[in-house]
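A.B. asks: Provided herewith: target_11.cif, mmCIF, C-alpha atoms and all ligand atoms.
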data_my_file
#
loop_
_atom_site.group_PDB
_atom_site.id
_atom_site.type_symbol
_atom_site.label_atom_id
_atom_site.label_comp_id
_atom_site.auth_asym_id
_atom_site.auth_seq_id
_atom_site.Cartn_x
_atom_site.Cartn_y
_atom_site.Cartn_z
ATOM 1 C CA ALA A 1 18.639 7.178 3.976
ATOM 2 C CA PRO A 2 18.082 3.463 3.419
ATOM 3 C CA ASP A 3 19.967 1.767 0.602
ATOM 4 C CA PHE A 4 18.053 -0.706 -1.568
ATOM 5 C CA ALA A 5 20.703 -1.365 -4.218
ATOM 6 C CA GLY A 6 20.349 -4.872 -5.632
ATOM 7 C CA LYS A 7 16.765 -5.234 -4.358
ATOM 8 C CA THR A 8 13.644 -5.664 -6.439
ATOM 9 C CA ALA A 9 10.401 -4.060 -5.228
ATOM 10 C CA LEU A 10 6.779 -4.503 -6.306
ATOM 11 C CA VAL A 11 4.405 -1.636 -5.456
ATOM 12 C CA THR A 12 0.686 -1.981 -6.187
ATOM 13 C CA GLY A 13 -1.391 1.123 -6.789
ATOM 14 C CA ALA A 14 1.826 2.918 -7.739
ATOM 15 C CA ALA A 15 0.348 5.152 -10.459
ATOM 16 C CA SER A 16 -0.974 7.667 -7.898
ATOM 17 C CA GLY A 17 -0.755 9.062 -4.398
ATOM 18 C CA ILE A 18 1.056 7.063 -1.710
ATOM 19 C CA GLY A 19 2.108 4.219 -4.029
ATOM 20 C CA LEU A 20 3.653 6.701 -6.438
ATOM 21 C CA ALA A 21 5.622 8.388 -3.631
ATOM 22 C CA VAL A 22 6.817 4.981 -2.377
ATOM 23 C CA ALA A 23 7.871 3.875 -5.870
ATOM 24 C CA ARG A 24 9.723 7.156 -6.416
ATOM 25 C CA ARG A 25 11.604 6.908 -3.110
ATOM 26 C CA LEU A 26 12.460 3.215 -3.664
ATOM 27 C CA ALA A 27 13.864 3.918 -7.131
ATOM 28 C CA ALA A 28 15.886 6.853 -5.773
ATOM 29 C CA ALA A 29 17.280 4.532 -3.071
ATOM 30 C CA GLY A 30 18.528 2.059 -5.656
ATOM 31 C CA ALA A 31 15.779 -0.576 -5.883
ATOM 32 C CA ALA A 32 14.536 -1.925 -9.203
ATOM 33 C CA VAL A 33 10.842 -1.061 -8.989
ATOM 34 C CA VAL A 34 7.794 -2.594 -10.622
ATOM 35 C CA VAL A 35 4.996 -0.025 -10.817
ATOM 36 C CA ALA A 36 1.785 -2.086 -10.759
ATOM 37 C CA ASP A 37 -1.604 -0.455 -11.200
ATOM 38 C CA PHE A 38 -5.077 -0.902 -12.611
ATOM 39 C CA ASN A 39 -4.355 2.320 -14.519
ATOM 40 C CA GLU A 40 -1.992 0.870 -17.118
ATOM 41 C CA GLN A 41 -1.134 4.152 -18.856
ATOM 42 C CA GLY A 42 -0.438 5.813 -15.504
ATOM 43 C CA ALA A 43 1.801 2.919 -14.457
ATOM 44 C CA HIS A 44 3.816 3.198 -17.684
ATOM 45 C CA ASP A 45 4.164 6.959 -17.298
ATOM 46 C CA VAL A 46 5.426 6.567 -13.719
ATOM 47 C CA ALA A 47 7.863 3.767 -14.641
ATOM 48 C CA ARG A 48 9.251 5.909 -17.463
ATOM 49 C CA SER A 49 9.668 8.885 -15.125
ATOM 50 C CA LEU A 50 11.583 6.721 -12.639
ATOM 51 C CA THR A 51 13.946 5.174 -15.179
ATOM 52 C CA GLY A 52 17.323 6.685 -15.988
ATOM 53 C CA GLY A 53 20.492 7.774 -14.242
ATOM 54 C CA GLY A 54 21.020 4.134 -13.256
ATOM 55 C CA ALA A 55 17.521 3.758 -11.764
ATOM 56 C CA ARG A 56 15.482 0.815 -13.017
ATOM 57 C CA ALA A 57 11.691 0.584 -13.201
ATOM 58 C CA ALA A 58 9.055 -1.289 -15.189
ATOM 59 C CA ALA A 59 5.269 -1.145 -15.360
ATOM 60 C CA VAL A 60 2.649 -3.863 -15.276
ATOM 61 C CA ARG A 61 -1.137 -3.690 -15.273
ATOM 62 C CA VAL A 62 -2.660 -5.367 -12.247
ATOM 63 C CA ASP A 63 -6.197 -5.676 -10.954
ATOM 64 C CA VAL A 64 -5.708 -6.735 -7.336
ATOM 65 C CA THR A 65 -9.281 -8.057 -7.175
ATOM 66 C CA ASP A 66 -8.268 -10.776 -9.664
ATOM 67 C CA PRO A 67 -5.893 -13.440 -8.282
ATOM 68 C CA GLU A 68 -4.640 -14.420 -11.761
ATOM 69 C CA SER A 69 -3.791 -10.803 -12.524
ATOM 70 C CA VAL A 70 -1.866 -10.539 -9.244
ATOM 71 C CA ARG A 71 -0.030 -13.785 -9.960
ATOM 72 C CA HIS A 72 0.947 -12.380 -13.364
ATOM 73 C CA ALA A 73 2.254 -9.109 -11.878
ATOM 74 C CA VAL A 74 4.385 -10.999 -9.340
ATOM 75 C CA ASP A 75 5.746 -13.366 -12.022
ATOM 76 C CA PHE A 76 6.470 -10.358 -14.266
ATOM 77 C CA THR A 77 8.488 -8.783 -11.437
ATOM 78 C CA VAL A 78 10.570 -11.904 -10.874
ATOM 79 C CA GLU A 79 11.137 -12.432 -14.611
ATOM 80 C CA THR A 80 11.999 -8.783 -15.301
ATOM 81 C CA PHE A 81 14.390 -8.105 -12.422
ATOM 82 C CA GLY A 82 15.244 -11.630 -11.197
ATOM 83 C CA GLY A 83 13.639 -12.107 -7.788
ATOM 84 C CA LEU A 84 11.420 -10.273 -5.320
ATOM 85 C CA HIS A 85 12.762 -8.737 -2.091
ATOM 86 C CA LEU A 86 10.305 -5.956 -1.206
ATOM 87 C CA ALA A 87 6.537 -5.646 -1.625
ATOM 88 C CA VAL A 88 4.196 -2.768 -0.869
ATOM 89 C CA ASN A 89 0.577 -3.893 -1.029
ATOM 90 C CA ASN A 90 -0.953 -0.472 -1.358
ATOM 91 C CA ALA A 91 -3.674 -0.492 -4.048
ATOM 92 C CA GLY A 92 -6.966 0.567 -2.539
ATOM 93 C CA ILE A 93 -10.163 2.525 -3.017
ATOM 94 C CA ALA A 94 -12.230 4.764 -0.751
ATOM 95 C CA GLY A 95 -15.512 3.207 -1.839
ATOM 96 C CA ALA A 96 -19.059 4.382 -1.256
ATOM 97 C CA THR A 97 -20.019 6.072 2.005
ATOM 98 C CA ALA A 98 -23.299 5.284 3.758
ATOM 99 C CA PRO A 99 -24.420 4.221 7.227
ATOM 100 C CA THR A 100 -23.990 0.482 7.751
ATOM 101 C CA GLY A 101 -27.777 -0.065 7.758
ATOM 102 C CA GLU A 102 -27.963 1.437 4.283
ATOM 103 C CA TYR A 103 -24.609 0.318 2.854
ATOM 104 C CA GLY A 104 -24.941 -1.047 -0.687
ATOM 105 C CA VAL A 105 -24.192 -4.759 -0.803
ATOM 106 C CA GLU A 106 -22.354 -4.420 -4.121
ATOM 107 C CA ASP A 107 -20.403 -1.426 -2.770
ATOM 108 C CA TRP A 108 -19.401 -3.561 0.217
ATOM 109 C CA GLN A 109 -18.214 -6.358 -2.078
ATOM 110 C CA ARG A 110 -16.141 -3.999 -4.217
ATOM 111 C CA VAL A 111 -14.316 -2.441 -1.246
ATOM 112 C CA ILE A 112 -13.639 -5.829 0.367
ATOM 113 C CA ASP A 113 -12.458 -7.254 -2.980
ATOM 114 C CA THR A 114 -9.971 -4.419 -3.468
ATOM 115 C CA ASN A 115 -8.824 -3.439 0.016
ATOM 116 C CA LEU A 116 -8.846 -6.867 1.686
ATOM 117 C CA ASN A 117 -8.876 -9.653 -0.897
ATOM 118 C CA GLY A 118 -6.347 -7.696 -2.981
ATOM 119 C CA VAL A 119 -3.879 -7.709 -0.087
ATOM 120 C CA PHE A 120 -4.394 -11.439 0.469
ATOM 121 C CA TYR A 121 -3.864 -12.268 -3.223
ATOM 122 C CA SER A 122 -0.728 -10.129 -3.223
ATOM 123 C CA LEU A 123 0.736 -11.873 -0.157
ATOM 124 C CA ARG A 124 -0.339 -15.247 -1.549
ATOM 125 C CA TYR A 125 1.817 -14.847 -4.652
ATOM 126 C CA GLU A 126 4.604 -12.673 -3.213
ATOM 127 C CA LEU A 127 5.539 -14.725 -0.135
ATOM 128 C CA PRO A 128 6.923 -17.804 -1.947
ATOM 129 C CA HIS A 129 9.185 -15.525 -4.002
ATOM 130 C CA LEU A 130 10.295 -13.541 -0.938
ATOM 131 C CA VAL A 131 11.252 -16.842 0.712
ATOM 132 C CA ALA A 132 13.003 -18.010 -2.482
ATOM 133 C CA ALA A 133 15.050 -14.778 -2.492
ATOM 134 C CA GLY A 134 16.336 -15.650 0.990
ATOM 135 C CA GLY A 135 14.062 -13.193 2.801
ATOM 136 C CA GLY A 136 12.575 -9.763 2.371
ATOM 137 C CA ALA A 137 10.080 -7.259 3.705
ATOM 138 C CA VAL A 138 6.441 -6.390 3.080
ATOM 139 C CA VAL A 139 4.358 -3.346 3.948
ATOM 140 C CA ASN A 140 0.587 -3.617 3.729
ATOM 141 C CA MET A 141 -1.222 -0.268 3.514
ATOM 142 C CA SER A 142 -3.825 -0.165 6.269
ATOM 143 C CA SER A 143 -5.220 3.083 7.707
ATOM 144 C CA ILE A 144 -6.130 4.751 10.989
ATOM 145 C CA LEU A 145 -9.484 3.156 10.104
ATOM 146 C CA GLY A 146 -7.656 -0.158 10.674
ATOM 147 C CA THR A 147 -8.183 0.389 14.420
ATOM 148 C CA ASN A 148 -10.944 3.038 14.470
ATOM 149 C CA GLY A 149 -14.467 3.204 13.176
ATOM 150 C CA PHE A 150 -15.503 6.050 10.894
ATOM 151 C CA ALA A 151 -19.130 6.942 10.169
ATOM 152 C CA GLY A 152 -20.056 5.975 6.615
ATOM 153 C CA SER A 153 -17.026 3.760 6.017
ATOM 154 C CA ALA A 154 -18.076 0.290 7.219
ATOM 155 C CA ALA A 155 -16.509 -1.646 4.354
ATOM 156 C CA TYR A 156 -13.311 0.416 4.300
ATOM 157 C CA SER A 157 -12.833 0.176 8.074
ATOM 158 C CA ALA A 158 -13.597 -3.561 8.112
ATOM 159 C CA ALA A 159 -11.140 -4.205 5.282
ATOM 160 C CA LYS A 160 -8.383 -2.116 6.880
ATOM 161 C CA HIS A 161 -8.877 -3.887 10.251
ATOM 162 C CA ALA A 162 -8.647 -7.233 8.454
ATOM 163 C CA VAL A 163 -5.409 -6.178 6.756
ATOM 164 C CA VAL A 164 -3.894 -5.833 10.242
ATOM 165 C CA GLY A 165 -4.867 -9.434 11.080
ATOM 166 C CA LEU A 166 -3.450 -10.643 7.784
ATOM 167 C CA THR A 167 -0.235 -8.707 8.462
ATOM 168 C CA LYS A 168 0.225 -10.190 11.934
ATOM 169 C CA THR A 169 -0.486 -13.740 10.765
ATOM 170 C CA ALA A 170 1.890 -13.600 7.800
ATOM 171 C CA ALA A 171 4.572 -12.057 10.048
ATOM 172 C CA VAL A 172 4.298 -14.915 12.536
ATOM 173 C CA GLU A 173 4.315 -17.530 9.796
ATOM 174 C CA TYR A 174 7.265 -16.175 7.785
ATOM 175 C CA ALA A 175 9.560 -14.659 10.432
ATOM 176 C CA ALA A 176 11.745 -17.767 10.593
ATOM 177 C CA ARG A 177 12.182 -17.610 6.820
ATOM 178 C CA GLY A 178 13.517 -14.052 6.947
ATOM 179 C CA VAL A 179 10.410 -12.209 5.758
ATOM 180 C CA ARG A 180 9.082 -9.281 7.829
ATOM 181 C CA VAL A 181 5.505 -8.079 7.315
ATOM 182 C CA ASN A 182 4.242 -4.779 8.755
ATOM 183 C CA ALA A 183 1.202 -2.544 8.325
ATOM 184 C CA VAL A 184 1.316 1.228 7.807
ATOM 185 C CA ALA A 185 -1.637 3.229 9.094
ATOM 186 C CA PRO A 186 -1.890 6.698 7.588
ATOM 187 C CA GLY A 187 -4.223 9.373 8.845
ATOM 188 C CA PHE A 188 -5.998 11.319 6.101
ATOM 189 C CA ILE A 189 -3.475 12.003 3.364
ATOM 190 C CA ASP A 190 -3.751 14.559 0.594
ATOM 191 C CA THR A 191 -4.100 12.283 -2.473
ATOM 192 C CA PRO A 192 -6.684 11.833 -5.258
ATOM 193 C CA LEU A 193 -8.369 9.180 -3.035
ATOM 194 C CA LEU A 194 -9.887 11.914 -0.869
ATOM 195 C CA GLN A 195 -13.160 13.061 -2.357
ATOM 196 C CA GLY A 196 -15.451 15.843 -1.277
ATOM 197 C CA ASP A 197 -15.655 19.602 -1.146
ATOM 198 C CA GLU A 198 -13.769 22.206 0.875
ATOM 199 C CA ASP A 199 -16.075 21.747 3.912
ATOM 200 C CA GLN A 200 -15.471 17.995 4.042
ATOM 201 C CA ARG A 201 -11.753 18.562 3.665
ATOM 202 C CA ASN A 202 -11.751 21.028 6.560
ATOM 203 C CA ARG A 203 -13.617 18.489 8.703
ATOM 204 C CA LEU A 204 -10.896 15.930 7.963
ATOM 205 C CA VAL A 205 -8.123 18.441 8.697
ATOM 206 C CA ALA A 206 -9.725 19.161 12.095
ATOM 207 C CA LEU A 207 -9.359 15.480 13.091
ATOM 208 C CA HIS A 208 -5.560 15.842 13.062
ATOM 209 C CA PRO A 209 -3.932 17.698 15.991
ATOM 210 C CA GLN A 210 -1.233 18.923 13.602
ATOM 211 C CA GLY A 211 -3.958 20.854 11.810
ATOM 212 C CA ARG A 212 -3.345 19.554 8.296
ATOM 213 C CA LEU A 213 -3.577 16.447 6.147
ATOM 214 C CA GLY A 214 -0.504 14.279 5.665
ATOM 215 C CA THR A 215 1.459 14.031 2.444
ATOM 216 C CA ALA A 216 2.140 10.914 0.393
ATOM 217 C CA GLU A 217 5.854 11.522 0.955
ATOM 218 C CA GLU A 218 5.407 11.358 4.744
ATOM 219 C CA VAL A 219 3.763 7.937 4.373
ATOM 220 C CA ALA A 220 6.504 6.857 1.959
ATOM 221 C CA ASP A 221 9.220 7.764 4.483
ATOM 222 C CA LEU A 222 7.751 5.409 7.116
ATOM 223 C CA THR A 223 7.175 2.721 4.503
ATOM 224 C CA LEU A 224 10.796 2.833 3.325
ATOM 225 C CA PHE A 225 12.049 2.697 6.897
ATOM 226 C CA LEU A 226 9.963 -0.444 7.562
ATOM 227 C CA LEU A 227 11.224 -2.057 4.348
ATOM 228 C CA SER A 228 14.840 -1.298 5.234
ATOM 229 C CA ASP A 229 17.372 -3.093 7.414
ATOM 230 C CA HIS A 230 17.013 -0.221 9.916
ATOM 231 C CA ALA A 231 13.739 -1.961 10.856
ATOM 232 C CA SER A 232 15.297 -5.446 11.138
ATOM 233 C CA PHE A 233 13.548 -6.271 14.478
ATOM 234 C CA ILE A 234 10.204 -4.641 13.629
ATOM 235 C CA ASN A 235 7.724 -7.285 12.578
ATOM 236 C CA GLY A 236 3.985 -7.925 12.514
ATOM 237 C CA SER A 237 3.045 -4.507 13.825
ATOM 238 C CA TYR A 238 0.820 -1.574 12.988
ATOM 239 C CA HIS A 239 2.558 1.776 12.476
ATOM 240 C CA LEU A 240 0.715 5.091 12.601
ATOM 241 C CA VAL A 241 1.637 8.078 10.456
ATOM 242 C CA ASP A 242 -1.308 10.251 11.350
ATOM 243 C CA GLY A 243 -0.333 13.693 12.670
ATOM 244 C CA GLY A 244 -1.697 12.740 16.097
ATOM 245 C CA TYR A 245 -5.159 11.559 14.901
ATOM 246 C CA ALA A 246 -5.218 8.389 17.009
ATOM 247 C CA ALA A 247 -3.875 10.145 20.106
ATOM 248 C CA ARG A 248 -6.981 12.343 20.506
HETATM 249 P P1 LIG A 301 -4.915 6.971 -4.866
HETATM 250 O O1 LIG A 301 -6.320 6.902 -5.353
HETATM 251 O O2 LIG A 301 -4.127 8.219 -5.073
HETATM 252 O O3 LIG A 301 -4.081 5.755 -5.450
HETATM 253 C C1 LIG A 301 -4.580 4.440 -5.449
HETATM 254 C C2 LIG A 301 -4.074 3.725 -6.672
HETATM 255 O O4 LIG A 301 -4.557 2.363 -6.598
HETATM 256 C C3 LIG A 301 -4.577 4.316 -7.986
HETATM 257 O O5 LIG A 301 -3.502 4.512 -8.878
HETATM 258 C C4 LIG A 301 -5.548 3.257 -8.514
HETATM 259 O O6 LIG A 301 -5.566 3.158 -9.936
HETATM 260 C C5 LIG A 301 -5.005 1.994 -7.878
HETATM 261 N N1 LIG A 301 -6.013 0.942 -7.787
HETATM 262 C C6 LIG A 301 -7.300 1.056 -7.360
HETATM 263 N N2 LIG A 301 -7.941 -0.120 -7.471
HETATM 264 C C7 LIG A 301 -7.037 -0.995 -7.989
HETATM 265 C C8 LIG A 301 -7.097 -2.369 -8.332
HETATM 266 N N3 LIG A 301 -8.232 -3.085 -8.216
HETATM 267 N N4 LIG A 301 -5.971 -2.956 -8.812
HETATM 268 C C9 LIG A 301 -4.833 -2.224 -8.967
HETATM 269 N N5 LIG A 301 -4.722 -0.937 -8.664
HETATM 270 C C10 LIG A 301 -5.814 -0.319 -8.178
HETATM 271 O O7 LIG A 301 -5.019 6.625 -3.296
HETATM 272 P P2 LIG A 301 -3.961 6.755 -2.094
HETATM 273 O O8 LIG A 301 -4.514 7.756 -1.162
HETATM 274 O O9 LIG A 301 -2.584 6.862 -2.594
HETATM 275 O O10 LIG A 301 -4.196 5.329 -1.415
HETATM 276 C C11 LIG A 301 -3.223 4.290 -1.403
HETATM 277 C C12 LIG A 301 -3.512 3.363 -0.232
HETATM 278 O O11 LIG A 301 -3.415 4.111 0.977
HETATM 279 C C13 LIG A 301 -4.915 2.749 -0.247
HETATM 280 O O12 LIG A 301 -4.836 1.421 0.212
HETATM 281 C C14 LIG A 301 -5.662 3.613 0.748
HETATM 282 O O13 LIG A 301 -6.739 2.924 1.324
HETATM 283 C C15 LIG A 301 -4.561 3.889 1.760
HETATM 284 N N6 LIG A 301 -4.835 5.036 2.604
HETATM 285 C C16 LIG A 301 -5.077 6.269 2.054
HETATM 286 C C17 LIG A 301 -5.372 7.330 2.903
HETATM 287 C C18 LIG A 301 -5.688 8.704 2.388
HETATM 288 O O14 LIG A 301 -6.198 9.506 3.166
HETATM 289 N N7 LIG A 301 -5.398 9.032 1.138
HETATM 290 C C19 LIG A 301 -5.410 7.129 4.292
HETATM 291 C C20 LIG A 301 -5.139 5.868 4.813
HETATM 292 C C21 LIG A 301 -4.856 4.820 3.941
#
Can the structure from this file be put into C-alpha cells for me?
Ligand code: NAD
C.D. replies:
Amino acid sequence: APDFAGKTALVTGAASGIGLAVARRLAAAGAAVVVADFNEQGAHDVARSLTGGGARAAAVRVDVTDPESVRHAVDFTVETFGGLHLAVNNAGIAGATAPTGEYGVEDWQRVIDTNLNGVFYSLRYELPHLVAAGGGAVVNMSSILGTNGFAGSAAYSAAKHAVVGLTKTAAVEYAARGVRVNAVAPGFIDTPLLQGDEDQRNRLVALHPQGRLGTAEEVADLTLFLLSDHASFINGSYHLVDGGYAAR
C-alpha cells in the first residue's frame, strides 16, 4: 500500500461517496487530510471520524462554484498542515437529465459551474502551493462520460470531457515543476449521487460487463495509486475504473 506519511492532502466533496472513501484511505496511509465539502456538518463528521491513532484530519466548508471559497479552502489546508502535496478535485453533481434540445439553461449552468469550473478553480489555487511544496500530485474526478456521450446528460458529459482537457493541459504545464495531474474515470458507482428507482439502477448495472456497479473504495484504490510514487511516470492521462463499461 502507498505511504503518504508527511504529506498533506485536500479532497473536495469528501463528505460522501468517492471523496469520503479517498479521504479515509489517505488518512489510513498517513496523510494529513483536509475534508472539504459544501456539506459543512458532513465534512466535520468525516474529519472527526478520521482523526485519532496518529491520523490527522480537518474539515473546511467549500463551495467549488465560488473561486473565493476555493481559495479559502486551499489556504486553510496550507495554514493547518503546512503545505499542500496532494489534491483530489472530486466534488460534483449529477444534475438534471433531459435531451439536449430540452436541457434547462440554468441546469446547464449549475452543472458546468460545479463539475467544470469547480475543477478549474481548485487547480488555480492548488497548483502554486503544489509547486511551492517542491512538487505533488493531483487527481481530477472525471467519468466514463468524459469520453462517452450519455442520453440526458449533456452538461455532465460536456463538463467531464472538459476536465480531461484541463487535466492534460495542467500536466504539460507543471510536469517540469514536479507536479503530476491525472484524471480518474469511474463507471457508474454505488454512491448517493446515483438517483432513480430499481429499474434505472438495473439498466445502469447492465452497462457494465462485470454485472454490477462499482464501489467508492474501488475508485479510491486507483486514485491513491495515481497520487503515490508508484505512479511516478504516469502523467496527464485518463484512467478508467469501470468494470469493462468502455470496452463494450
Ligand atoms: P456524492 O453525491 O456521494 O458526493 C459528492 C459530494 O460533493 C457531496 O458530499 C456533496 O456535498 C459535494 N458537493 C456537491 N457540490 C459541491 C460544491 N459546489 N462544493 C463542494 N462540494 C460539493 O457523489 P460521488 O458519486 O461520490 O461523486 C464524486 C465525484 O465522482 C463527482 O465528481 C462525480 O461526478 C464523479 N463520478 C461519480 C460517478 C458515480 O456513478 N457515482 C461516476 C463517475 C464519476
A.B. asks: Which residues are close to Tyr238 in chain A, i.e. within 7 Å by all atoms listed in the file, leaving aside same-chain residues fewer than 5 positions away? Reply as a PyMOL selection string.
C.D. replies: chain A and resi 164+182-185
A.B. asks: Those residues with C-alpha atoms, as an mmCIF file, keeping the file's coordinate frame please?
C.D. replies:
data_model
loop_
_atom_site.group_PDB
_atom_site.id
_atom_site.type_symbol
_atom_site.label_atom_id
_atom_site.label_comp_id
_atom_site.auth_asym_id
_atom_site.auth_seq_id
_atom_site.Cartn_x
_atom_site.Cartn_y
_atom_site.Cartn_z
ATOM 1 C CA VAL A 164 -3.894 -5.833 10.242
ATOM 2 C CA ASN A 182 4.242 -4.779 8.755
ATOM 3 C CA ALA A 183 1.202 -2.544 8.325
ATOM 4 C CA VAL A 184 1.316 1.228 7.807
ATOM 5 C CA ALA A 185 -1.637 3.229 9.094
#
A.B. asks: Can you measure CA of Ala170 in chain A to CA of Leu10 in chain A for me? One decimal in Å is fine.
C.D. replies: 17.5 Å
A.B. asks: What do you get, as a ChimeraX atom specification, if you spell out every residue that the PyMOL selection byres (((chain A and resi 70-84) around 10) and not hetatm) selects here?
C.D. replies: /A:6-10,12,32-37,56-69,85-87,118-119,121-137
A.B. asks: Just C-alpha atoms for this one: save the residues we selected as a CSV table (one decimal), keeping the file's coordinate frame.
C.D. replies:
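Contents of the output file selection_18.csv:
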chain,number,residue,atom,x,y,z
A,6,GLY,CA,20.3,-4.9,-5.6
A,7,LYS,CA,16.8,-5.2,-4.4
A,8,THR,CA,13.6,-5.7,-6.4
A,9,ALA,CA,10.4,-4.1,-5.2
A,10,LEU,CA,6.8,-4.5,-6.3
A,12,THR,CA,0.7,-2.0,-6.2
A,32,ALA,CA,14.5,-1.9,-9.2
A,33,VAL,CA,10.8,-1.1,-9.0
A,34,VAL,CA,7.8,-2.6,-10.6
A,35,VAL,CA,5.0,0.0,-10.8
A,36,ALA,CA,1.8,-2.1,-10.8
A,37,ASP,CA,-1.6,-0.5,-11.2
A,56,ARG,CA,15.5,0.8,-13.0
A,57,ALA,CA,11.7,0.6,-13.2
A,58,ALA,CA,9.1,-1.3,-15.2
A,59,ALA,CA,5.3,-1.1,-15.4
A,60,VAL,CA,2.6,-3.9,-15.3
A,61,ARG,CA,-1.1,-3.7,-15.3
A,62,VAL,CA,-2.7,-5.4,-12.2
A,63,ASP,CA,-6.2,-5.7,-11.0
A,64,VAL,CA,-5.7,-6.7,-7.3
A,65,THR,CA,-9.3,-8.1,-7.2
A,66,ASP,CA,-8.3,-10.8,-9.7
A,67,PRO,CA,-5.9,-13.4,-8.3
A,68,GLU,CA,-4.6,-14.4,-11.8
A,69,SER,CA,-3.8,-10.8,-12.5
A,85,HIS,CA,12.8,-8.7,-2.1
A,86,LEU,CA,10.3,-6.0,-1.2
A,87,ALA,CA,6.5,-5.6,-1.6
A,118,GLY,CA,-6.3,-7.7,-3.0
A,119,VAL,CA,-3.9,-7.7,-0.1
A,121,TYR,CA,-3.9,-12.3,-3.2
A,122,SER,CA,-0.7,-10.1,-3.2
A,123,LEU,CA,0.7,-11.9,-0.2
A,124,ARG,CA,-0.3,-15.2,-1.5
A,125,TYR,CA,1.8,-14.8,-4.7
A,126,GLU,CA,4.6,-12.7,-3.2
A,127,LEU,CA,5.5,-14.7,-0.1
A,128,PRO,CA,6.9,-17.8,-1.9
A,129,HIS,CA,9.2,-15.5,-4.0
A,130,LEU,CA,10.3,-13.5,-0.9
A,131,VAL,CA,11.3,-16.8,0.7
A,132,ALA,CA,13.0,-18.0,-2.5
A,133,ALA,CA,15.0,-14.8,-2.5
A,134,GLY,CA,16.3,-15.6,1.0
A,135,GLY,CA,14.1,-13.2,2.8
A,136,GLY,CA,12.6,-9.8,2.4
A,137,ALA,CA,10.1,-7.3,3.7
A.B. asks: Sorted by chain and rising residue number, list the residues of chain A at most 7 Å from ligand LIG 301 (chain A) (counting all atoms listed in the file), each with its closest atom pair and distance in Å to one decimal, as JSON lines.
C.D. replies:
{"residue": "A:Thr12", "atom": "CA", "partner": "A:LIG301", "partner_atom": "N5", "distance": 6.0}
{"residue": "A:Gly13", "atom": "CA", "partner": "A:LIG301", "partner_atom": "O4", "distance": 3.4}
{"residue": "A:Ala14", "atom": "CA", "partner": "A:LIG301", "partner_atom": "O5", "distance": 5.7}
{"residue": "A:Ala15", "atom": "CA", "partner": "A:LIG301", "partner_atom": "O5", "distance": 4.2}
{"residue": "A:Ser16", "atom": "CA", "partner": "A:LIG301", "partner_atom": "O5", "distance": 4.2}
{"residue": "A:Gly17", "atom": "CA", "partner": "A:LIG301", "partner_atom": "O9", "distance": 3.4}
{"residue": "A:Ile18", "atom": "CA", "partner": "A:LIG301", "partner_atom": "O9", "distance": 3.8}
{"residue": "A:Gly19", "atom": "CA", "partner": "A:LIG301", "partner_atom": "O9", "distance": 5.6}
{"residue": "A:Ala36", "atom": "CA", "partner": "A:LIG301", "partner_atom": "C9", "distance": 6.9}
{"residue": "A:Asp37", "atom": "CA", "partner": "A:LIG301", "partner_atom": "N5", "distance": 4.0}
{"residue": "A:Phe38", "atom": "CA", "partner": "A:LIG301", "partner_atom": "C9", "distance": 3.9}
{"residue": "A:Asn39", "atom": "CA", "partner": "A:LIG301", "partner_atom": "O6", "distance": 4.8}
{"residue": "A:Val62", "atom": "CA", "partner": "A:LIG301", "partner_atom": "C9", "distance": 5.0}
{"residue": "A:Asp63", "atom": "CA", "partner": "A:LIG301", "partner_atom": "N4", "distance": 3.5}
{"residue": "A:Val64", "atom": "CA", "partner": "A:LIG301", "partner_atom": "N4", "distance": 4.1}
{"residue": "A:Thr65", "atom": "CA", "partner": "A:LIG301", "partner_atom": "N3", "distance": 5.2}
{"residue": "A:Asn90", "atom": "CA", "partner": "A:LIG301", "partner_atom": "O12", "distance": 4.6}
{"residue": "A:Ala91", "atom": "CA", "partner": "A:LIG301", "partner_atom": "O4", "distance": 3.9}
{"residue": "A:Gly92", "atom": "CA", "partner": "A:LIG301", "partner_atom": "O12", "distance": 3.6}
{"residue": "A:Ile93", "atom": "CA", "partner": "A:LIG301", "partner_atom": "C6", "distance": 5.4}
{"residue": "A:Ala94", "atom": "CA", "partner": "A:LIG301", "partner_atom": "O13", "distance": 6.2}
{"residue": "A:Thr114", "atom": "CA", "partner": "A:LIG301", "partner_atom": "N3", "distance": 5.2}
{"residue": "A:Asn115", "atom": "CA", "partner": "A:LIG301", "partner_atom": "O12", "distance": 6.3}
{"residue": "A:Met141", "atom": "CA", "partner": "A:LIG301", "partner_atom": "O12", "distance": 5.2}
{"residue": "A:Ser142", "atom": "CA", "partner": "A:LIG301", "partner_atom": "C21", "distance": 5.6}
{"residue": "A:Ser143", "atom": "CA", "partner": "A:LIG301", "partner_atom": "C20", "distance": 4.0}
{"residue": "A:Ile144", "atom": "CA", "partner": "A:LIG301", "partner_atom": "C20", "distance": 6.4}
{"residue": "A:Ala185", "atom": "CA", "partner": "A:LIG301", "partner_atom": "C20", "distance": 6.1}
{"residue": "A:Pro186", "atom": "CA", "partner": "A:LIG301", "partner_atom": "C20", "distance": 4.4}
{"residue": "A:Gly187", "atom": "CA", "partner": "A:LIG301", "partner_atom": "C19", "distance": 5.2}
{"residue": "A:Phe188", "atom": "CA", "partner": "A:LIG301", "partner_atom": "O14", "distance": 3.5}
{"residue": "A:Ile189", "atom": "CA", "partner": "A:LIG301", "partner_atom": "O14", "distance": 3.7}
{"residue": "A:Asp190", "atom": "CA", "partner": "A:LIG301", "partner_atom": "N7", "distance": 5.8}
{"residue": "A:Thr191", "atom": "CA", "partner": "A:LIG301", "partner_atom": "O8", "distance": 4.7}
{"residue": "A:Pro192", "atom": "CA", "partner": "A:LIG301", "partner_atom": "O2", "distance": 4.4}
{"residue": "A:Leu193", "atom": "CA", "partner": "A:LIG301", "partner_atom": "O1", "distance": 3.8}
{"residue": "A:Leu194", "atom": "CA", "partner": "A:LIG301", "partner_atom": "N7", "distance": 5.7}
{"residue": "A:Ala216", "atom": "CA", "partner": "A:LIG301", "partner_atom": "O9", "distance": 6.9}
A.B. asks: Expand the PyMOL selection byres (((chain A and resi 24) around 10) and not hetatm) into the individual residues it matches in the shown file, reporting them as a VMD selection string.
C.D. replies: chain A and resid 14 18 to 23 25 to 29 31 33 35 46 to 47 49 to 51 57 217 220
A.B. asks: Would you mind listing what lies within 8 Å of Ala155 in chain A as a PyMOL selection string, with all atoms listed in the file counted and same-chain residues fewer than 4 positions away left out?
C.D. replies: chain A and resi 95+108+111-112+159
